[in-house]
Amino acid sequence: MSDAQSPADFDFEPVDEYEPVEVFDDGMDLRPGADNCYKCTACDTSCPVAEVDDEFPGPKFQGPEQWRLKRKEDVEIDDSIMSCSNCMRCDNACPSSVPLSQMHNEARGEYVENQMDHRSREYIRNRILSNYRTLAELGSKVPRLTNFVMGNSLVQKINEKTLGITSEREFPEFASQTFREWWAERGGAQIESDEKRIAYFHGCYSNYNTPEVGKALVRVFEEFGYEVAVPRQRCSGTPMFANGMLDDAERAAKVNVPEFKDLIDEGYDVIASCTSCSMSLKQEYPELFQISGIDEVSNHTYEALEYLRIYEDVEGALEGRTVDYPDLAYHAPCHARNQGLDRQAVELFREVDGFEIEDVGSSCSGISGTYGWKSEKYEKSMKIGEDMFDHMRHAKGTVGMTECPTCSMQMAHGSGYEIRHPLQLLEEAVV
Amino acid sequence: MPISEDVVVVGGGIAGSVAALSAAETGASVRLVTHKKSTLRHASGLVDVLGYTSDGDGPLVDPFEGLGDLPEGHPYRVVGEEAIREGLATFDEVVGDEYLGGHTDANALVPTHGGAVKPTARYPRAAAAGIASDDRDMLLVGFESMTDFEASLAAAHLDAAGVPFEASGVTVAFPRNFRADAKVTRFAKALDTDEDVGGRGTREALAATVEPHLDGAERVGFPSLLGDDRRHEVRADLEAYLDAEVFEVPMGPPSLPGLRLEDLLFAALDAAGVRISSGNKAVGYETDDGEVSAVVVDRKGREIPYHASAVVLATGGLVGKGIASSREGVREPLFDCYVPHPDDRYDWFVDDAFGDHPFTSFGVVPDDRLRPTRADGHAEFENLFAAGGVVGGANVAAEKSASGVSLATGVVAGREAGESA
Ligand SMILES: Cc1cc2nc3c(=O)[nH]c(=O)nc-3n(C[C@H](O)[C@H](O)[C@H](O)COP(=O)(O)OP(=O)(O)OC[C@H]3O[C@@H](n4cnc5c(N)ncnc54)[C@H](O)[C@@H]3O)c2cc1C
Ligand code: SF4
Ligand code: SF4
């Protein structure tokens with residue numbers, strides 16, 4: 001007989017009384033978190049931006065120190081907050097569980113709201129970048145034309161000049177058929193099940209740019225007997241958090257939360273194929289917003305491979321298999337790392353014969369969503385990524401693998417490799 | 001039971017890593033679960049076995065000679081000298097030629113950033129040229145923006161400690177103009193990539209800044225920030241430019257040598273086929289007939305059981321969060337193992353800040369197989385073993401024995417867990 005237990009008869013709440021102080025407008029109280037900081041600077045040594053950017057004071061300053069400053073007197077948020085890429089590595093490093101990224105998100109939101117000129121080029125550029133879905137929706141209506149126009153170097157130069165979007169990068173191509181179009185065309189779910197049900201959060205990128213990832217997810221989960229639902233959805237909000245556009249993010253969350261909450265009530269779990277999307281639903285939503293059902297959505301959200309490894313015997317399914325696949329240079333995205341998923345692909349696939357998979361090290365890829373698209377950040381972004389490029393060059397494979405769409409852009413950009421998603425390999429192996 | 005292993009190790013510091021390697025050696029399948037980065041990020045990167053006796057005598061020339069004087073119940077007394085040697089052997093295998101000191105039983109004397117001389121069993125190759133028993137004159141170099149290393153003060157302390165060489169110190173401006181509170185990682189990155197400063201690389205520019213102060217010194221010590229991935233290349237370049245040996249002085253937190261050691265340990269775990277889940281916290285457990293059957297891990301709100309036949313608890317001491325204290329008492333928060341401590345909070349400390357504080361040796365009480373015991377001396381669980389800072393009975397900070405205790409108990413706890421699984 002097995003009984004779950006965790007010691008509970010000890011009350012370890014902090015005993016010091018404190019007056020709740022409101023720092024940020026919406027009444028969020030981060031005092032206990034700030035007080036937990038004992039200035040060990042573990043967060044600072046984990047920050048990829050502080051490692052290359054001489055102007056950036058680091059996560060400890062952005063979080064607990066700025067918080068204290070603000071509390072003492074009515075100081076403005078330091079503009080360096082806009083240089084934080086929201087990779088959330090500092091969260092993972094802090095031994096005291098100070099909610100650093102939450103503090104950064106709050107501070108950035110306040111900075112953008114109150115201190116940034118909303119007619120400035122930077123604001124407009126950031127708004128465009130963070131609302132990628134709007135662009136993508138338009139672009140995907142006429143994919144070939146858009147691909148042609150966006151790939152045009154003249155257009156890129158104009159973007160650079162007028163908007164501050166770097167012309168160094170290749171615009172991601174739009175697929176000729178979106179994932180949702182494909183899903184509708186095939187007539188939705190092919191498997192019915194009362195017990196095994198997942199609601200797919202495909203996010204923008206696998207819908208508009210890499211529908212093959214979404215298709216792989218559907219086929220793999222159906223192979224394991226799951227009924228798949230694909231509800232109406234908007235952007236997860238990740239690029240908006242990183243640009244301090246909290247209102248935009250909240251608007252999107254207000255669509256996503258009820259849609260998925262309804263399905264959770266019908267026995268579905270929420271599955272994402274992008275680790276920033278799952279991070280956002282799991283952690284940032286309940287930290288930043290108050291929407292009915294938001295905690296249920298957070299508690300029922302998983303990354304695809306994570307879910308299968310918890311509930312299915314994926315290893316068993318792969319045991320002794322030989323799969324004809326190219327050798328792979330795998331990069332774990334920061335947002336996978338923070339969910340404890342940085343090892344899963346390598347662990348799972350290294351036992352499969354027919355190819356080699358190699359982890360290319362623990363550094364950040366440097367692109368961090370919209371960060372590496374900004375003209376003024378481009379070079380820093382490439383400098384952060386240099387470690388990863390170097391390891392990729394030394395890895396056996398010349399095909400890359402990662403769970404994050406923007407990391408994959410950066411990997412391709414810095415190495416010239418084609419990049420795939422673990423779900424595509426899993427599809428190859430089990431379907 | 002999709003997530004299931006023979007052995008689950010909780011905690012990813014030195015103790016947990018070594019326990020996982022030792023369990024894997026028995027042929028068991030092993031998963032290491034760890035929440036945050038370990039205290040290695042703060043630690044000096046030195047690996048101490050025993051520098052002072054419990055009475056504060058020392059520094060000890062040979063750590064093994066001090067073992068007999070340790071109090072009963074000290075983890076070294078529980079596992080014995082052989083286990084310490086095995087722990088060191090495992091360590092030496094993991095770090096290869098990145099660490100020195102393995103050629104002798106004797107402690108090495110390594111200068112610290114405060115100018116003290118510390119007895120330690122293993123030290124990074126990068127620190128080797130700084131050893132205090134060497135009689136070549138030494139120049140220590142500090143940087144204007146780095147207040148935690150005062151080179152001339154450290155040199156004066158070394159001289160006062162009676163070292164057999166002349167030490168002098170100088171503070172210079174780092175050739176690249178960083179912000180006043182730049183992170184050590186920023187310095188390391190600039191040297192690693194040899195960033196351009198005014199037409200030459202950072203390494204050459206740094207050497208040129210230091211050269212006029214050499215004054216015949218045959219070795220030059222910098223704070224530990226001389227590169228990360230390319231550290232050996234950085235040092236070799238500086239040595240060539242300066243025509244003197246170059247070494248790193250171990251620093252307080254945050255510590256690059258600690259980070260590098262963490263990388264070495266994790267690479268060894270990978271090579272041994274140990275599975276690693278980091279970033280999520282173990283919050284509870286399941287039992288089956290008096291044995292631990294699973295460790296429950298909180299994955300951002302969802303509690304997932306990680307099944308195992310045996311478990312190693314290596315969650316660290318008060319700093320690593322393996323032992324928790326509040327006004328109500330002291331406890332081991334994961335399995336709620338018994339941690340003896342005086343009822344009165346005021347008896348946890350003594351008045352002298354550097355005195356023999358009872359709280360420093362708080363921890364679980366191991367039986368001879370390193371299983372945490374209850375107050376009645378019986379094992380809490382048949383298949384739960386403990387290693388490292390979570391084990392009580394040693395005053396590791398005063399004895400200078402922290403990593404040694406972690407290595408020795410890690411090897412034994414890992415093996416016991418692997419064999420019982
Ligand atoms: C500032 C400092 C300086 C030091 N300097 C030296 C030195 O010079 N020489 C020397 O020999 N030693 C030194 N040490 C000690 C050494 O680095 C280790 O702290 C010691 O060996 C204990 O190691 P450990 O593996 O038991 O614990 P830790 O290193 O504390 O690791 C414990 C790990 O367990 C994890 N953990 C805790 N609870 C949970 C949970 N519920 N679920 C999942 N994971 C959990 C933590 O996140 C952490 O990663 C120093 C330590 C510090 C803090
Ligand atoms: S989120 Fe990333 S970039 Fe921002 S402060 Fe933290 S570690 Fe640095
Ligand atoms: S890691 Fe946590 S405790 Fe340490 S300085 Fe950063 S916020 Fe403070």
# chains A, B, ... in the order shown; residues from 1 in each chain; ligands from 1
call {"tool": "closest_atom_pairs", "arguments": {"of": "chain B", "to": "ligand 3", "cutoff": "10 Å", "atoms": "only C-alpha atoms and all ligand atoms", "output": "Markdown table"}}
result
| residue | atom | partner | partner_atom_place_in_ligand_line | distance |
| --- | --- | --- | --- | --- |
| B:Lys36 | CA | ligand 3 | 1 (S) | 9.9 |
| B:Lys37 | CA | ligand 3 | 1 (S) | 9.5 |
| B:His42 | CA | ligand 3 | 4 (Fe) | 9.9 |
| B:Pro253 | CA | ligand 3 | 4 (Fe) | 9.9 |
| B:Pro254 | CA | ligand 3 | 4 (Fe) | 9.3 |
call {"tool": "write_last_selection", "arguments": {"atoms": "all heavy atoms", "output": "short mmCIF file (atom, residue, chain, number, x, y, z; two decimals), in the first residue's frame"}}
result
data_model
loop_
_atom_site.label_atom_id
_atom_site.label_comp_id
_atom_site.auth_asym_id
_atom_site.auth_seq_id
_atom_site.Cartn_x
_atom_site.Cartn_y
_atom_site.Cartn_z
N LYS B 36 17.92 23.87 -7.11
CA LYS B 36 18.62 25.06 -7.55
C LYS B 36 20.07 24.70 -7.82
O LYS B 36 20.52 23.60 -7.55
CB LYS B 36 18.57 26.10 -6.44
CG LYS B 36 17.17 26.50 -6.08
CD LYS B 36 16.59 27.36 -7.17
CE LYS B 36 15.23 27.87 -6.73
NZ LYS B 36 14.67 28.80 -7.70
N LYS B 37 20.80 25.71 -8.27
CA LYS B 37 22.23 25.52 -8.37
C LYS B 37 22.77 25.25 -6.98
O LYS B 37 22.29 25.80 -6.00
CB LYS B 37 22.88 26.80 -8.92
CG LYS B 37 22.34 27.19 -10.27
CD LYS B 37 22.75 26.18 -11.32
CE LYS B 37 22.12 26.53 -12.65
NZ LYS B 37 21.85 25.34 -13.46
N HIS B 42 29.06 29.19 -4.82
CA HIS B 42 29.66 30.12 -3.86
C HIS B 42 30.99 29.61 -3.34
O HIS B 42 31.80 30.37 -2.86
CB HIS B 42 28.75 30.30 -2.63
CG HIS B 42 27.31 30.46 -2.98
ND1 HIS B 42 26.89 31.26 -4.01
CD2 HIS B 42 26.20 29.93 -2.45
CE1 HIS B 42 25.58 31.22 -4.09
NE2 HIS B 42 25.13 30.41 -3.17
N PRO B 253 32.19 34.09 -2.79
CA PRO B 253 31.13 34.01 -3.77
C PRO B 253 30.94 35.34 -4.50
O PRO B 253 31.16 36.38 -3.88
CB PRO B 253 29.89 33.69 -2.93
CG PRO B 253 30.24 34.04 -1.52
CD PRO B 253 31.73 34.01 -1.40
N PRO B 254 30.53 35.32 -5.75
CA PRO B 254 30.32 34.15 -6.60
C PRO B 254 31.64 33.65 -7.14
O PRO B 254 32.53 34.43 -7.40
CB PRO B 254 29.46 34.71 -7.74
CG PRO B 254 29.90 36.14 -7.86
CD PRO B 254 30.24 36.59 -6.47
#
call {"tool": "residues_near_ligand", "arguments": {"ligand": "ligand 1", "cutoff": "7 Å", "atoms": "only C-alpha atoms and all ligand atoms", "output": "ChimeraX atom specification"}}
result
/A:95 /B:10-16,33-40,42-49,252-253,280-283,314-317,319-322,334,387-390,400-406
call {"tool": "closest_residue", "arguments": {"among": "A:Met279, A:Cys334, A:Ala253, A:Ala395", "to": "ligand 2", "atoms": "only C-alpha atoms and all ligand atoms"}}
result
A:Cys334
call {"tool": "residues_around", "arguments": {"residues": "Val360 (chain A)", "least_positions_apart": "4", "cutoff": "6 Å", "atoms": "only C-alpha atoms", "output": "list in words"}}
result
Tyr330, His331, His391 and Met392 of chain A
call {"tool": "write_last_selection", "arguments": {"atoms": "C-alpha atoms", "output": "short mmCIF file (atom, residue, chain, number, x, y, z; two decimals), in the first residue's frame"}}
result
data_model
loop_
_atom_site.label_atom_id
_atom_site.label_comp_id
_atom_site.auth_asym_id
_atom_site.auth_seq_id
_atom_site.Cartn_x
_atom_site.Cartn_y
_atom_site.Cartn_z
CA TYR A 330 20.89 19.58 -29.30
CA HIS A 331 20.46 22.92 -27.51
CA HIS A 391 29.88 23.78 -29.52
CA MET A 392 27.64 23.17 -32.53
#
call {"tool": "residues_around", "arguments": {"residues": "Arg203 (chain B)", "least_positions_apart": "3", "cutoff": "12 Å", "atoms": "only C-alpha atoms", "output": "ChimeraX atom specification"}}
result
/B:174-176,187-197,199-200,206-210,226-227,230-231,233-242
call {"tool": "write_last_selection", "arguments": {"atoms": "N, CA and C atoms", "output": "mmCIF file, in the first residue's frame"}}
result
data_model
loop_
_atom_site.group_PDB
_atom_site.id
_atom_site.type_symbol
_atom_site.label_atom_id
_atom_site.label_comp_id
_atom_site.auth_asym_id
_atom_site.auth_seq_id
_atom_site.Cartn_x
_atom_site.Cartn_y
_atom_site.Cartn_z
ATOM 1 N N PHE B 174 41.377 47.408 -14.735
ATOM 2 C CA PHE B 174 41.245 46.385 -15.768
ATOM 3 C C PHE B 174 41.228 47.095 -17.109
ATOM 4 N N PRO B 175 41.952 46.579 -18.088
ATOM 5 C CA PRO B 175 42.097 47.340 -19.342
ATOM 6 C C PRO B 175 40.784 47.641 -20.058
ATOM 7 N N ARG B 176 39.767 46.856 -19.815
ATOM 8 C CA ARG B 176 38.488 47.224 -20.414
ATOM 9 C C ARG B 176 37.670 47.949 -19.378
ATOM 10 N N PHE B 187 34.267 39.754 -16.720
ATOM 11 C CA PHE B 187 35.724 39.726 -16.845
ATOM 12 C C PHE B 187 36.170 38.448 -17.563
ATOM 13 N N ALA B 188 35.614 37.332 -17.100
ATOM 14 C CA ALA B 188 36.017 36.043 -17.652
ATOM 15 C C ALA B 188 35.707 35.965 -19.139
ATOM 16 N N LYS B 189 34.540 36.490 -19.520
ATOM 17 C CA LYS B 189 34.143 36.442 -20.925
ATOM 18 C C LYS B 189 35.102 37.272 -21.780
ATOM 19 N N ALA B 190 35.453 38.453 -21.284
ATOM 20 C CA ALA B 190 36.352 39.321 -22.048
ATOM 21 C C ALA B 190 37.696 38.622 -22.279
ATOM 22 N N LEU B 191 38.172 37.908 -21.256
ATOM 23 C CA LEU B 191 39.459 37.221 -21.400
ATOM 24 C C LEU B 191 39.311 35.956 -22.244
ATOM 25 N N ASP B 192 38.222 35.248 -22.053
ATOM 26 C CA ASP B 192 37.962 34.036 -22.825
ATOM 27 C C ASP B 192 37.964 34.332 -24.317
ATOM 28 N N THR B 193 37.259 35.397 -24.696
ATOM 29 C CA THR B 193 37.130 35.717 -26.120
ATOM 30 C C THR B 193 38.205 36.705 -26.561
ATOM 31 N N ASP B 194 39.064 37.105 -25.617
ATOM 32 C CA ASP B 194 40.154 38.032 -25.921
ATOM 33 C C ASP B 194 39.639 39.252 -26.682
ATOM 34 N N GLU B 195 38.605 39.858 -26.126
ATOM 35 C CA GLU B 195 37.970 41.022 -26.749
ATOM 36 C C GLU B 195 39.000 42.107 -27.074
ATOM 37 N N ASP B 196 38.692 42.819 -28.122
ATOM 38 C CA ASP B 196 39.616 43.849 -28.568
ATOM 39 C C ASP B 196 39.566 45.093 -27.675
ATOM 40 N N VAL B 197 40.739 45.544 -27.184
ATOM 41 C CA VAL B 197 40.803 46.845 -26.501
ATOM 42 C C VAL B 197 41.893 47.674 -27.166
ATOM 43 N N GLY B 199 42.946 48.009 -30.157
ATOM 44 C CA GLY B 199 43.803 47.391 -31.160
ATOM 45 C C GLY B 199 44.521 46.134 -30.709
ATOM 46 N N ARG B 200 44.408 45.764 -29.437
ATOM 47 C CA ARG B 200 44.980 44.474 -29.055
ATOM 48 C C ARG B 200 43.999 43.715 -28.158
ATOM 49 N N LEU B 206 45.973 43.354 -20.584
ATOM 50 C CA LEU B 206 46.061 43.141 -19.139
ATOM 51 C C LEU B 206 47.515 42.926 -18.722
ATOM 52 N N ALA B 207 48.211 42.115 -19.488
ATOM 53 C CA ALA B 207 49.614 41.855 -19.164
ATOM 54 C C ALA B 207 50.418 43.152 -19.181
ATOM 55 N N ALA B 208 50.122 44.004 -20.173
ATOM 56 C CA ALA B 208 50.862 45.264 -20.280
ATOM 57 C C ALA B 208 50.585 46.163 -19.074
ATOM 58 N N THR B 209 49.377 46.097 -18.544
ATOM 59 C CA THR B 209 49.045 46.901 -17.369
ATOM 60 C C THR B 209 49.813 46.429 -16.138
ATOM 61 N N VAL B 210 50.029 45.110 -16.064
ATOM 62 C CA VAL B 210 50.636 44.524 -14.867
ATOM 63 C C VAL B 210 52.158 44.569 -14.918
ATOM 64 N N LEU B 226 40.133 34.460 -14.543
ATOM 65 C CA LEU B 226 40.928 34.356 -15.765
ATOM 66 C C LEU B 226 40.313 33.367 -16.748
ATOM 67 N N GLY B 227 39.151 33.748 -17.294
ATOM 68 C CA GLY B 227 38.525 32.928 -18.317
ATOM 69 C C GLY B 227 37.704 31.794 -17.753
ATOM 70 N N ARG B 230 38.066 28.794 -21.763
ATOM 71 C CA ARG B 230 39.436 28.844 -22.292
ATOM 72 C C ARG B 230 40.432 29.231 -21.215
ATOM 73 N N ARG B 231 40.171 28.818 -19.988
ATOM 74 C CA ARG B 231 40.986 29.310 -18.862
ATOM 75 C C ARG B 231 42.462 28.977 -19.002
ATOM 76 N N GLU B 233 44.203 28.508 -21.723
ATOM 77 C CA GLU B 233 44.760 29.343 -22.779
ATOM 78 C C GLU B 233 44.990 30.773 -22.269
ATOM 79 N N VAL B 234 44.027 31.297 -21.512
ATOM 80 C CA VAL B 234 44.149 32.654 -20.981
ATOM 81 C C VAL B 234 45.390 32.739 -20.101
ATOM 82 N N ARG B 235 45.549 31.764 -19.202
ATOM 83 C CA ARG B 235 46.691 31.802 -18.298
ATOM 84 C C ARG B 235 48.002 31.656 -19.054
ATOM 85 N N ALA B 236 48.013 30.758 -20.009
ATOM 86 C CA ALA B 236 49.244 30.547 -20.782
ATOM 87 C C ALA B 236 49.635 31.826 -21.520
ATOM 88 N N ASP B 237 48.655 32.517 -22.084
ATOM 89 C CA ASP B 237 48.946 33.767 -22.786
ATOM 90 C C ASP B 237 49.520 34.805 -21.838
ATOM 91 N N LEU B 238 48.891 34.944 -20.682
ATOM 92 C CA LEU B 238 49.386 35.926 -19.712
ATOM 93 C C LEU B 238 50.813 35.577 -19.288
ATOM 94 N N GLU B 239 51.052 34.290 -19.101
ATOM 95 C CA GLU B 239 52.396 33.860 -18.688
ATOM 96 C C GLU B 239 53.433 34.212 -19.745
ATOM 97 N N ALA B 240 53.054 34.009 -21.004
ATOM 98 C CA ALA B 240 53.980 34.310 -22.082
ATOM 99 C C ALA B 240 54.279 35.809 -22.138
ATOM 100 N N TYR B 241 53.236 36.628 -22.011
ATOM 101 C CA TYR B 241 53.450 38.076 -22.060
ATOM 102 C C TYR B 241 54.273 38.556 -20.867
ATOM 103 N N LEU B 242 54.020 37.980 -19.681
ATOM 104 C CA LEU B 242 54.637 38.489 -18.452
ATOM 105 C C LEU B 242 55.958 37.805 -18.133
#
call {"tool": "residues_near_ligand", "arguments": {"ligand": "ligand 2", "cutoff": "6 Å", "atoms": "only C-alpha atoms and all ligand atoms", "output": "PyMOL selection string"}}
result
chain A and resi 46-49+58-59+84-90+101
call {"tool": "residues_around", "arguments": {"residues": "Tyr99 (chain B)", "least_positions_apart": "4", "cutoff": "7 Å", "atoms": "only C-alpha atoms", "output": "JSON, numbers by chain"}}
result
{"B": [95, 122, 123, 124, 125]}
call {"tool": "atom_distance", "arguments": {"atom1": "CA of Val220 (chain B)", "atom2": "CA of Val61 (chain B)"}}
result
25.5 Å
call {"tool": "select_by_dssp", "arguments": {"residues": "region 274-419 of chain A", "states": "strand (DSSP E or B)", "output": "number ranges by chain"}}
result
A: 301-303, 322, 328-330, 353, 357-359, 374, 399-401, 418-419
call {"tool": "closest_atom_pairs", "arguments": {"of": "chain B", "to": "chain A", "cutoff": "8 Å", "atoms": "only C-alpha atoms", "output": "tab-separated table"}}
result
residue	atom	partner	partner_atom	distance
B:Met1	CA	A:Tyr311	CA	7.9
B:Pro2	CA	A:Asp313	CA	5.3
B:Ile3	CA	A:Ile310	CA	6.2
B:Lys36	CA	A:Ala93	CA	5.8
B:Lys37	CA	A:Ala93	CA	5.4
B:Ser38	CA	A:Pro95	CA	7.8
B:Arg41	CA	A:Ala42	CA	6.6
B:His42	CA	A:Ala42	CA	7.5
B:Phe178	CA	A:Asp54	CA	5.5
B:Arg179	CA	A:Asp54	CA	5.9
B:Asp181	CA	A:Pro57	CA	7.3
B:Ala182	CA	A:Asp54	CA	7.2
B:Lys183	CA	A:Thr45	CA	6.7
B:Val184	CA	A:Thr45	CA	7.2
B:Thr185	CA	A:Glu51	CA	5.3
B:Arg186	CA	A:Glu51	CA	4.2
B:Phe187	CA	A:Glu51	CA	7.9
B:Lys189	CA	A:Glu51	CA	6.5
B:Ala190	CA	A:Val52	CA	8.0
B:Pro253	CA	A:Cys40	CA	6.6
B:Pro254	CA	A:Thr41	CA	6.1
B:Arg275	CA	A:Glu347	CA	6.9
B:Ile276	CA	A:Arg343	CA	6.7
B:Ser277	CA	A:Gly340	CA	5.7
B:Ser278	CA	A:Gly340	CA	4.9
B:Gly279	CA	A:Gly340	CA	4.4
B:Asn280	CA	A:Gly340	CA	5.9
B:Val283	CA	A:Ser6	CA	7.0
B:Gly284	CA	A:Ser6	CA	4.5
B:Tyr285	CA	A:Gln5	CA	6.0
B:Glu286	CA	A:Ala4	CA	4.5
B:Thr287	CA	A:Ser2	CA	5.5
B:Asp288	CA	A:Ser2	CA	4.8
B:Asp289	CA	A:Met1	CA	6.9
B:Ser293	CA	A:Ser2	CA	7.8
B:Arg299	CA	A:Gln339	CA	7.3
B:Lys300	CA	A:Lys282	CA	6.6
B:Gly301	CA	A:Asn299	CA	5.1
B:Arg302	CA	A:Asn299	CA	5.8
B:Ile304	CA	A:Ile310	CA	7.8
B:Gly320	CA	A:Pro95	CA	7.5
B:Ser326	CA	A:Phe12	CA	6.5
B:Arg327	CA	A:Val15	CA	7.9
B:Glu328	CA	A:Asp11	CA	8.0
B:Pro333	CA	A:Pro7	CA	7.3
B:Leu334	CA	A:Pro7	CA	7.2
B:Phe335	CA	A:Pro7	CA	6.8
B:Asp336	CA	A:Pro7	CA	5.9
call {"tool": "select_by_dssp", "arguments": {"residues": "region 365-415 of chain A", "states": "alpha helix (DSSP H)", "output": "list in words"}}
result
Tyr378, Glu379, Lys380, Ser381, Met382, Lys383, Ile384, Gly385, Glu386, Asp387, Met388, Phe389, Asp390, His391, Met392, Arg393, His394, Pro405, Thr406, Cys407, Ser408, Met409, Gln410, Met411, Ala412, His413, Gly414 and Ser415 of chain A
call {"tool": "residues_around", "arguments": {"residues": "Met103 (chain A)", "least_positions_apart": "5", "cutoff": "10 Å", "atoms": "only C-alpha atoms", "output": "PyMOL selection string"}}
result
chain A and resi 24+28+30+33-34+59+62-64+66-67+98+108-109+287-288
call {"tool": "atom_distance", "arguments": {"atom1": "CA of Gly56 (chain B)", "atom2": "CA of Glu72 (chain B)"}}
result
16.6 Å
call {"tool": "atom_distance", "arguments": {"atom1": "CA of Asp92 (chain B)", "atom2": "CA of Leu70 (chain B)"}}
result
25.0 Å
call {"tool": "residues_around", "arguments": {"residues": "region 153-163 of chain B", "least_positions_apart": "3", "cutoff": "10 Å", "atoms": "only C-alpha atoms", "output": "number ranges by chain"}}
result
B: 111-117, 132-135, 138-142, 149-150, 166-170
call {"tool": "closest_residue", "arguments": {"among": "A:Leu217, A:Met245, A:Ala429, A:Met382", "to": "Asp324 (chain A)", "atoms": "only C-alpha atoms"}}
result
A:Ala429
